[in-house]
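Chemist: So here's upload_38.tsv, just TSV, N, CA and C atoms:
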chain	number	residue	atom	x	y	z
A	1	MET	N	172.32	185.96	114.51
A	1	MET	CA	173.69	185.51	114.56
A	1	MET	C	173.78	183.99	114.46
A	2	THR	N	172.84	183.30	115.09
A	2	THR	CA	172.85	181.84	115.04
A	2	THR	C	172.61	181.34	113.62
A	3	THR	N	171.73	182.00	112.90
A	3	THR	CA	171.45	181.59	111.52
A	3	THR	C	172.70	181.74	110.66
A	4	TYR	N	173.43	182.82	110.85
A	4	TYR	CA	174.67	183.03	110.10
A	4	TYR	C	175.67	181.91	110.40
A	5	LEU	N	175.83	181.54	111.64
A	5	LEU	CA	176.77	180.48	112.00
A	5	LEU	C	176.34	179.13	111.43
A	6	ILE	N	175.05	178.87	111.40
A	6	ILE	CA	174.55	177.60	110.84
A	6	ILE	C	174.84	177.56	109.34
A	7	PHE	N	174.53	178.65	108.62
A	7	PHE	CA	174.76	178.67	107.17
A	7	PHE	C	176.24	178.65	106.83
A	8	SER	N	177.05	179.39	107.55
A	8	SER	CA	178.49	179.38	107.25
A	8	SER	C	179.10	178.02	107.59
A	9	GLY	N	178.62	177.36	108.64
A	9	GLY	CA	179.09	176.01	108.96
A	9	GLY	C	178.68	175.01	107.90
A	10	ALA	N	177.46	175.13	107.39
A	10	ALA	CA	177.00	174.23	106.33
A	10	ALA	C	177.81	174.44	105.06
A	11	ILE	N	178.07	175.69	104.71
A	11	ILE	CA	178.86	175.98	103.51
A	11	ILE	C	180.29	175.49	103.67
A	12	ALA	N	180.86	175.69	104.85
A	12	ALA	CA	182.22	175.20	105.09
A	12	ALA	C	182.29	173.68	104.99
A	13	ASN	N	181.27	172.99	105.50
A	13	ASN	CA	181.25	171.52	105.40
A	13	ASN	C	181.08	171.06	103.96
A	14	ILE	N	180.29	171.76	103.18
A	14	ILE	CA	180.12	171.40	101.77
A	14	ILE	C	181.43	171.60	101.02
A	15	ILE	N	182.12	172.70	101.28
A	15	ILE	CA	183.41	172.95	100.61
A	15	ILE	C	184.44	171.91	101.03
A	16	LEU	N	184.48	171.58	102.30
A	16	LEU	CA	185.41	170.56	102.78
A	16	LEU	C	185.12	169.19	102.16
A	17	ALA	N	183.84	168.83	102.05
A	17	ALA	CA	183.48	167.56	101.43
A	17	ALA	C	183.85	167.55	99.95
A	18	ALA	N	183.64	168.67	99.26
A	18	ALA	CA	184.00	168.75	97.83
A	18	ALA	C	185.50	168.60	97.65
A	19	ILE	N	186.29	169.23	98.51
A	19	ILE	CA	187.75	169.10	98.42
A	19	ILE	C	188.18	167.66	98.69
A	20	ALA	N	187.57	167.02	99.68
A	20	ALA	CA	187.91	165.62	100.00
A	20	ALA	C	187.56	164.70	98.83
A	21	ILE	N	186.41	164.91	98.22
A	21	ILE	CA	186.01	164.08	97.07
A	21	ILE	C	186.96	164.31	95.90
A	22	LEU	N	187.34	165.55	95.66
A	22	LEU	CA	188.28	165.84	94.59
A	22	LEU	C	189.63	165.19	94.82
A	23	LEU	N	190.13	165.23	96.04
A	23	LEU	CA	191.41	164.60	96.33
A	23	LEU	C	191.36	163.08	96.18
A	24	VAL	N	190.27	162.47	96.61
A	24	VAL	CA	190.13	161.02	96.43
A	24	VAL	C	190.09	160.68	94.95
A	25	TRP	N	189.37	161.50	94.16
A	25	TRP	CA	189.29	161.26	92.72
A	25	TRP	C	190.67	161.38	92.06
A	26	VAL	N	191.38	162.47	92.35
A	26	VAL	CA	192.65	162.72	91.70
A	26	VAL	C	193.74	161.77	92.18
A	27	TRP	N	193.76	161.43	93.45
A	27	TRP	CA	194.84	160.61	93.99
A	27	TRP	C	194.62	159.12	93.86
A	28	PHE	N	193.36	158.64	93.84
A	28	PHE	CA	193.13	157.20	93.87
A	28	PHE	C	192.28	156.66	92.73
A	29	ILE	N	191.18	157.33	92.39
A	29	ILE	CA	190.27	156.78	91.39
A	29	ILE	C	190.83	156.97	89.98
A	30	TRP	N	191.27	158.18	89.62
A	30	TRP	CA	191.80	158.40	88.27
A	30	TRP	C	193.05	157.57	87.99
A	31	PRO	N	194.00	157.42	88.94
A	31	PRO	CA	195.12	156.51	88.67
A	31	PRO	C	194.67	155.07	88.41
A	32	ALA	N	193.60	154.63	89.06
A	32	ALA	CA	193.08	153.29	88.79
A	32	ALA	C	192.51	153.21	87.37
A	33	VAL	N	191.84	154.26	86.91
A	33	VAL	CA	191.32	154.29	85.54
A	33	VAL	C	192.48	154.25	84.54
A	34	GLU	N	193.54	154.99	84.82
A	34	GLU	CA	194.71	154.97	83.94
A	34	GLU	C	195.37	153.59	83.95
A	35	ALA	N	195.45	152.95	85.10
A	35	ALA	CA	196.05	151.62	85.17
A	35	ALA	C	195.21	150.60	84.41
A	36	ILE	N	193.90	150.73	84.45
A	36	ILE	CA	193.03	149.84	83.67
A	36	ILE	C	193.27	150.06	82.19
A	37	SER	N	193.41	151.32	81.77
A	37	SER	CA	193.67	151.62	80.36
A	37	SER	C	195.01	151.04	79.91
A	38	MET	N	196.04	151.17	80.74
A	38	MET	CA	197.35	150.61	80.39
A	38	MET	C	197.31	149.08	80.37
A	39	THR	N	196.52	148.48	81.25
A	39	THR	CA	196.36	147.03	81.24
A	39	THR	C	195.64	146.58	79.98
A	40	ARG	N	194.63	147.34	79.55
A	40	ARG	CA	193.94	147.03	78.29
A	40	ARG	C	194.91	147.14	77.11
A	41	PHE	N	195.79	148.13	77.14
A	41	PHE	CA	196.82	148.27	76.11
A	41	PHE	C	197.72	147.04	76.10
A	42	SER	N	198.14	146.58	77.26
A	42	SER	CA	198.97	145.38	77.35
A	42	SER	C	198.23	144.15	76.84
A	43	MET	N	196.94	144.06	77.14
A	43	MET	CA	196.14	142.93	76.64
A	43	MET	C	196.05	142.96	75.12
A	44	ALA	N	195.87	144.16	74.55
A	44	ALA	CA	195.78	144.28	73.09
A	44	ALA	C	197.10	143.89	72.44
A	45	VAL	N	198.21	144.28	73.02
A	45	VAL	CA	199.53	143.89	72.49
A	45	VAL	C	199.68	142.37	72.58
A	46	SER	N	199.30	141.79	73.70
A	46	SER	CA	199.41	140.34	73.86
A	46	SER	C	198.54	139.60	72.86
A	47	LYS	N	197.33	140.11	72.64
A	47	LYS	CA	196.42	139.46	71.68
A	47	LYS	C	196.95	139.58	70.26
A	48	LYS	N	197.44	140.77	69.90
A	48	LYS	CA	197.92	140.97	68.54
A	48	LYS	C	199.16	140.13	68.26
A	49	CYS	N	200.05	140.03	69.22
A	49	CYS	CA	201.29	139.29	69.02
A	49	CYS	C	201.17	137.83	69.45
A	50	ARG	N	199.98	137.40	69.74
A	50	ARG	CA	199.69	136.00	70.10
A	50	ARG	C	200.51	135.52	71.30
A	51	LEU	N	200.56	136.36	72.32
A	51	LEU	CA	201.24	135.97	73.55
A	51	LEU	C	200.20	135.46	74.54
A	52	LYS	N	200.56	134.48	75.32
A	52	LYS	CA	199.63	133.93	76.30
A	52	LYS	C	199.63	134.81	77.54
A	53	THR	N	198.44	135.16	78.01
A	53	THR	CA	198.31	135.92	79.24
A	53	THR	C	197.31	135.22	80.15
A	54	SER	N	197.54	135.37	81.43
A	54	SER	CA	196.62	134.79	82.41
A	54	SER	C	196.07	135.92	83.26
A	55	ALA	N	195.10	135.59	84.08
A	55	ALA	CA	194.53	136.59	84.98
A	55	ALA	C	195.58	137.10	85.96
A	56	LYS	N	196.48	136.21	86.37
A	56	LYS	CA	197.53	136.61	87.29
A	56	LYS	C	198.46	137.63	86.63
A	57	THR	N	198.78	137.43	85.36
A	57	THR	CA	199.62	138.37	84.63
A	57	THR	C	198.95	139.72	84.49
A	58	LEU	N	197.64	139.72	84.19
A	58	LEU	CA	196.92	140.97	84.04
A	58	LEU	C	196.79	141.70	85.37
A	59	LEU	N	196.58	140.96	86.45
A	59	LEU	CA	196.52	141.58	87.77
A	59	LEU	C	197.87	142.18	88.14
A	60	HIS	N	198.93	141.48	87.82
A	60	HIS	CA	200.27	141.99	88.09
A	60	HIS	C	200.53	143.26	87.27
A	61	ALA	N	200.09	143.28	86.01
A	61	ALA	CA	200.25	144.47	85.17
A	61	ALA	C	199.48	145.65	85.76
A	62	PHE	N	198.24	145.40	86.21
A	62	PHE	CA	197.46	146.47	86.82
A	62	PHE	C	198.16	147.02	88.06
A	63	LEU	N	198.66	146.15	88.90
A	63	LEU	CA	199.32	146.60	90.12
A	63	LEU	C	200.61	147.35	89.82
A	64	CYS	N	201.30	146.97	88.75
A	64	CYS	CA	202.52	147.70	88.37
A	64	CYS	C	202.19	149.07	87.80
A	65	TYR	N	201.09	149.17	87.05
A	65	TYR	CA	200.72	150.44	86.43
A	65	TYR	C	200.04	151.40	87.40
A	66	TYR	N	199.41	150.87	88.45
A	66	TYR	CA	198.69	151.72	89.39
A	66	TYR	C	199.67	152.51	90.24
A	67	GLU	N	199.59	153.82	90.14
A	67	GLU	CA	200.45	154.71	90.92
A	67	GLU	C	199.56	155.70	91.66
A	68	PRO	N	199.28	155.44	92.94
A	68	PRO	CA	198.48	156.41	93.67
A	68	PRO	C	199.20	157.76	93.73
A	69	PHE	N	198.44	158.81	93.84
A	69	PHE	CA	198.93	160.19	93.85
A	69	PHE	C	199.44	160.61	92.48
A	70	GLY	N	199.11	159.87	91.42
A	70	GLY	CA	199.44	160.29	90.06
A	70	GLY	C	200.68	159.62	89.50
A	71	ARG	N	200.73	159.58	88.16
A	71	ARG	CA	201.88	158.96	87.50
A	71	ARG	C	202.96	159.98	87.25
A	72	SER	N	204.15	159.48	87.01
A	72	SER	CA	205.30	160.38	86.85
A	72	SER	C	205.81	160.41	85.41
A	73	PHE	N	204.98	160.04	84.45
A	73	PHE	CA	205.40	160.03	83.05
A	73	PHE	C	204.23	160.47	82.18
A	74	ASP	N	204.53	160.86	80.94
A	74	ASP	CA	203.49	161.34	80.03
A	74	ASP	C	202.93	160.25	79.14
A	75	SER	N	203.78	159.34	78.70
A	75	SER	CA	203.33	158.29	77.81
A	75	SER	C	204.12	157.02	78.09
A	76	LEU	N	203.61	155.94	77.54
A	76	LEU	CA	204.23	154.63	77.72
A	76	LEU	C	204.36	154.02	76.34
A	77	GLY	N	205.54	153.62	75.98
A	77	GLY	CA	205.73	153.06	74.65
A	77	GLY	C	206.70	151.90	74.66
A	78	ASN	N	206.51	151.04	73.71
A	78	ASN	CA	207.43	149.93	73.50
A	78	ASN	C	207.44	149.63	72.00
A	79	ARG	N	208.05	148.55	71.60
A	79	ARG	CA	208.17	148.28	70.17
A	79	ARG	C	206.85	147.82	69.54
A	80	TYR	N	205.84	147.57	70.37
A	80	TYR	CA	204.56	147.09	69.86
A	80	TYR	C	203.50	148.19	69.76
A	81	GLY	N	203.65	149.27	70.51
A	81	GLY	CA	202.64	150.31	70.49
A	81	GLY	C	202.99	151.44	71.44
A	82	LYS	N	202.05	152.39	71.54
A	82	LYS	CA	202.28	153.55	72.40
A	82	LYS	C	200.98	153.91	73.11
A	83	TRP	N	201.09	154.12	74.43
A	83	TRP	CA	199.98	154.56	75.25
A	83	TRP	C	200.23	156.01	75.64
A	84	GLU	N	199.27	156.90	75.31
A	84	GLU	CA	199.43	158.32	75.61
A	84	GLU	C	198.40	158.84	76.59
A	85	GLY	N	197.44	158.05	76.94
A	85	GLY	CA	196.41	158.47	77.89
A	85	GLY	C	195.23	157.52	77.82
A	86	VAL	N	194.26	157.76	78.67
A	86	VAL	CA	193.08	156.90	78.71
A	86	VAL	C	192.34	157.02	77.38
A	87	GLY	N	192.22	155.90	76.69
A	87	GLY	CA	191.55	155.87	75.40
A	87	GLY	C	192.40	156.39	74.24
A	88	ARG	N	193.63	156.76	74.49
A	88	ARG	CA	194.51	157.28	73.44
A	88	ARG	C	195.75	156.41	73.34
A	89	TRP	N	195.58	155.22	72.84
A	89	TRP	CA	196.72	154.36	72.62
A	89	TRP	C	196.56	153.70	71.26
A	90	LYS	N	197.69	153.34	70.67
A	90	LYS	CA	197.64	152.71	69.35
A	90	LYS	C	198.69	151.61	69.30
A	91	LEU	N	198.39	150.62	68.49
A	91	LEU	CA	199.32	149.52	68.26
A	91	LEU	C	200.02	149.75	66.94
A	92	PHE	N	201.27	149.37	66.88
A	92	PHE	CA	202.00	149.48	65.63
A	92	PHE	C	201.60	148.33	64.72
A	93	ASP	N	201.95	148.43	63.46
A	93	ASP	CA	201.46	147.51	62.45
A	93	ASP	C	201.90	146.07	62.66
A	94	GLU	N	203.14	145.84	62.92
A	94	GLU	CA	203.64	144.47	62.96
A	94	GLU	C	204.30	144.16	64.30
A	95	CYS	N	204.20	142.88	64.65
A	95	CYS	CA	204.95	142.40	65.80
A	95	CYS	C	206.26	141.83	65.28
A	96	GLU	N	207.31	142.02	66.00
A	96	GLU	CA	208.63	141.53	65.56
A	96	GLU	C	208.75	140.03	65.71
A	97	ASP	N	207.84	139.42	66.50
A	97	ASP	CA	207.92	137.98	66.74
A	97	ASP	C	207.30	137.18	65.61
A	98	GLU	N	206.56	137.85	64.73
A	98	GLU	CA	205.88	137.11	63.66
A	98	GLU	C	206.83	136.78	62.53
Represent the structure of the file as structure tokens.

Modeler:
Amino acid sequence: MTTYLIFSGAIANIILAAIAILLVWVWFIWPAVEAISMTRFSMAVSKKCRLKTSAKTLLHAFLCYYEPFGRSFDSLGNRYGKWEGVGRWKLFDECEDE
């Protein structure tokens, strides 16, 4: 009986740890990856349209894009390009400022 309790306790702890790791990944780490991707999209738009950016601006963009517990939209678009997911963004051909 003691062996059964030890193994079931170990399995329960492994399952609980896996659920905790999954929740941390989904709620905090993946939104940070998405925010980094959106910040890279903003940097590419700034570079293409010859806009000046500073580290403070990029940090502010990251903090604005970071949404813990997940984002509430499917894509992000403006007149310069469209972001549809991590690694899936494109810039439009021309900037209107040129």

Chemist: Tell me, in Å to one decimal, how far atom C of Phe69 (chain A) is from atom N of Phe28 (chain A).

Modeler: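 For atom C of Phe69 (chain A) relative to atom N of Phe28 (chain A), the distance reads 6.5 Å.
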
Chemist: Excluding Thr39 (chain A) and residues on its chain fewer than 5 positions from it, collect all residues at most 10 Å away from it, counting only C-alpha atoms, and give them as a ChimeraX atom specification.

Modeler: /A:33-34,44-45,57-66

Chemist: Taking the backbone alone, and naming residues the way the document does, which bits of chain A are helix (DSSP H, G or I) by DSSP, as a ChimeraX atom specification?

Modeler: /A:2-48,55-65

Chemist: Point out the residue among A:Trp30, A:Asp74, A:Lys52, A:Phe41 with the least atom-to-atom distance to Trp89 (chain A), counting only N, CA and C atoms.

Modeler: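 Closest to Trp89 (chain A), using only N, CA and C atoms: A:Phe41.
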
Chemist: In Å, how far is it from atom N of Asn78 (chain A) to atom C of Ile29 (chain A)?

Modeler: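 Atom C of Ile29 (chain A) lies at a distance of 23.4 Å from atom N of Asn78 (chain A).
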
Chemist: Just give me the gap between CA of Tyr80 (chain A) and atom C of Glu94 (chain A) in Å, one decimal is fine.

Modeler: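 Those two atoms sit 6.3 Å apart.
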
Chemist: Give me the residues within 12 Å of Phe73 (chain A) as a PDB file with N, CA and C atoms, in the frame of the given file, counting only C-alpha atoms and dropping any in the same chain fewer than 4 places off.

Modeler:
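What ended up in out01.pdb:
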ATOM      1  N   GLU A  34     193.540 154.990  84.820  1.00  0.00           N
ATOM      2  CA  GLU A  34     194.710 154.970  83.940  1.00  0.00           C
ATOM      3  C   GLU A  34     195.370 153.590  83.950  1.00  0.00           C
ATOM      4  N   TYR A  65     201.090 149.170  87.050  1.00  0.00           N
ATOM      5  CA  TYR A  65     200.720 150.440  86.430  1.00  0.00           C
ATOM      6  C   TYR A  65     200.040 151.400  87.400  1.00  0.00           C
ATOM      7  N   GLU A  67     199.590 153.820  90.140  1.00  0.00           N
ATOM      8  CA  GLU A  67     200.450 154.710  90.920  1.00  0.00           C
ATOM      9  C   GLU A  67     199.560 155.700  91.660  1.00  0.00           C
ATOM     10  N   GLY A  77     205.540 153.620  75.980  1.00  0.00           N
ATOM     11  CA  GLY A  77     205.730 153.060  74.650  1.00  0.00           C
ATOM     12  C   GLY A  77     206.700 151.900  74.660  1.00  0.00           C
ATOM     13  N   TRP A  83     201.090 154.120  74.430  1.00  0.00           N
ATOM     14  CA  TRP A  83     199.980 154.560  75.250  1.00  0.00           C
ATOM     15  C   TRP A  83     200.230 156.010  75.640  1.00  0.00           C
ATOM     16  N   GLU A  84     199.270 156.900  75.310  1.00  0.00           N
ATOM     17  CA  GLU A  84     199.430 158.320  75.610  1.00  0.00           C
ATOM     18  C   GLU A  84     198.400 158.840  76.590  1.00  0.00           C
ATOM     19  N   GLY A  85     197.440 158.050  76.940  1.00  0.00           N
ATOM     20  CA  GLY A  85     196.410 158.470  77.890  1.00  0.00           C
ATOM     21  C   GLY A  85     195.230 157.520  77.820  1.00  0.00           C
TER      22      GLY A  85
END

Chemist: List every residue of chain A that DSSP, applied to the backbone of this structure, places in strand (DSSP E or B), and write the result as a ChimeraX atom specification.

Modeler: /A:76-77,81-83,89-91

Chemist: Since we have the selection now, will you write its residues out, keeping N, CA and C atoms, as a tab-separated table (two decimals), in the coordinates of the input?

Modeler:
chain	number	residue	atom	x	y	z
A	76	LEU	N	203.61	155.94	77.54
A	76	LEU	CA	204.23	154.63	77.72
A	76	LEU	C	204.36	154.02	76.34
A	77	GLY	N	205.54	153.62	75.98
A	77	GLY	CA	205.73	153.06	74.65
A	77	GLY	C	206.70	151.90	74.66
A	81	GLY	N	203.65	149.27	70.51
A	81	GLY	CA	202.64	150.31	70.49
A	81	GLY	C	202.99	151.44	71.44
A	82	LYS	N	202.05	152.39	71.54
A	82	LYS	CA	202.28	153.55	72.40
A	82	LYS	C	200.98	153.91	73.11
A	83	TRP	N	201.09	154.12	74.43
A	83	TRP	CA	199.98	154.56	75.25
A	83	TRP	C	200.23	156.01	75.64
A	89	TRP	N	195.58	155.22	72.84
A	89	TRP	CA	196.72	154.36	72.62
A	89	TRP	C	196.56	153.70	71.26
A	90	LYS	N	197.69	153.34	70.67
A	90	LYS	CA	197.64	152.71	69.35
A	90	LYS	C	198.69	151.61	69.30
A	91	LEU	N	198.39	150.62	68.49
A	91	LEU	CA	199.32	149.52	68.26
A	91	LEU	C	200.02	149.75	66.94

Chemist: So, counting only C-alpha atoms, which residue among A:Arg71, A:Leu91, A:Gly9, A:Met1 is closest to Lys47 (chain A)?

Modeler: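 For Lys47 (chain A), the nearest of the candidates is A:Leu91.
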
Chemist: Would you fill out region 3-14 of chain A with all heavy atoms and return it as a short mmCIF file (atom, residue, chain, number, x, y, z; two decimals), in the coordinates of the input?

Modeler:
data_model
loop_
_atom_site.label_atom_id
_atom_site.label_comp_id
_atom_site.auth_asym_id
_atom_site.auth_seq_id
_atom_site.Cartn_x
_atom_site.Cartn_y
_atom_site.Cartn_z
N THR A 3 171.73 182.00 112.90
CA THR A 3 171.45 181.59 111.52
C THR A 3 172.70 181.74 110.66
O THR A 3 173.00 180.86 109.84
CB THR A 3 170.32 182.46 110.94
OG1 THR A 3 169.20 182.42 111.83
CG2 THR A 3 169.89 181.96 109.59
N TYR A 4 173.43 182.82 110.85
CA TYR A 4 174.67 183.03 110.10
C TYR A 4 175.67 181.91 110.40
O TYR A 4 176.31 181.38 109.48
CB TYR A 4 175.28 184.40 110.46
CG TYR A 4 176.68 184.57 109.92
CD1 TYR A 4 176.88 184.82 108.57
CD2 TYR A 4 177.78 184.46 110.76
CE1 TYR A 4 178.15 184.97 108.07
CE2 TYR A 4 179.06 184.60 110.26
CZ TYR A 4 179.25 184.86 108.91
OH TYR A 4 180.51 185.00 108.41
N LEU A 5 175.83 181.54 111.64
CA LEU A 5 176.77 180.48 112.00
C LEU A 5 176.34 179.13 111.43
O LEU A 5 177.18 178.34 110.99
CB LEU A 5 176.91 180.39 113.53
CG LEU A 5 177.61 181.58 114.19
CD1 LEU A 5 177.56 181.44 115.70
CD2 LEU A 5 179.02 181.70 113.70
N ILE A 6 175.05 178.87 111.40
CA ILE A 6 174.55 177.60 110.84
C ILE A 6 174.84 177.56 109.34
O ILE A 6 175.35 176.56 108.82
CB ILE A 6 173.04 177.44 111.13
CG1 ILE A 6 172.83 177.17 112.62
CG2 ILE A 6 172.46 176.30 110.29
CD1 ILE A 6 171.37 177.16 113.04
N PHE A 7 174.53 178.65 108.62
CA PHE A 7 174.76 178.67 107.17
C PHE A 7 176.24 178.65 106.83
O PHE A 7 176.66 177.95 105.90
CB PHE A 7 174.08 179.88 106.52
CG PHE A 7 172.60 179.71 106.35
CD1 PHE A 7 171.73 180.65 106.86
CD2 PHE A 7 172.09 178.61 105.69
CE1 PHE A 7 170.37 180.49 106.71
CE2 PHE A 7 170.73 178.44 105.53
CZ PHE A 7 169.86 179.39 106.05
N SER A 8 177.05 179.39 107.55
CA SER A 8 178.49 179.38 107.25
C SER A 8 179.10 178.02 107.59
O SER A 8 180.00 177.55 106.89
CB SER A 8 179.20 180.50 108.00
OG SER A 8 179.10 180.30 109.40
N GLY A 9 178.62 177.36 108.64
CA GLY A 9 179.09 176.01 108.96
C GLY A 9 178.68 175.01 107.90
O GLY A 9 179.46 174.14 107.51
N ALA A 10 177.46 175.13 107.39
CA ALA A 10 177.00 174.23 106.33
C ALA A 10 177.81 174.44 105.06
O ALA A 10 178.23 173.47 104.40
CB ALA A 10 175.52 174.46 106.06
N ILE A 11 178.07 175.69 104.71
CA ILE A 11 178.86 175.98 103.51
C ILE A 11 180.29 175.49 103.67
O ILE A 11 180.87 174.91 102.75
CB ILE A 11 178.81 177.49 103.19
CG1 ILE A 11 177.41 177.86 102.72
CG2 ILE A 11 179.84 177.87 102.14
CD1 ILE A 11 177.17 179.35 102.55
N ALA A 12 180.86 175.69 104.85
CA ALA A 12 182.22 175.20 105.09
C ALA A 12 182.29 173.68 104.99
O ALA A 12 183.25 173.12 104.45
CB ALA A 12 182.70 175.67 106.47
N ASN A 13 181.27 172.99 105.50
CA ASN A 13 181.25 171.52 105.40
C ASN A 13 181.08 171.06 103.96
O ASN A 13 181.69 170.06 103.55
CB ASN A 13 180.14 170.95 106.28
CG ASN A 13 180.51 170.94 107.74
OD1 ASN A 13 181.68 170.76 108.08
ND2 ASN A 13 179.53 171.14 108.60
N ILE A 14 180.29 171.76 103.18
CA ILE A 14 180.12 171.40 101.77
C ILE A 14 181.43 171.60 101.02
O ILE A 14 181.84 170.74 100.22
CB ILE A 14 178.98 172.24 101.14
CG1 ILE A 14 177.64 171.79 101.70
CG2 ILE A 14 179.00 172.13 99.62
CD1 ILE A 14 176.48 172.68 101.31
#
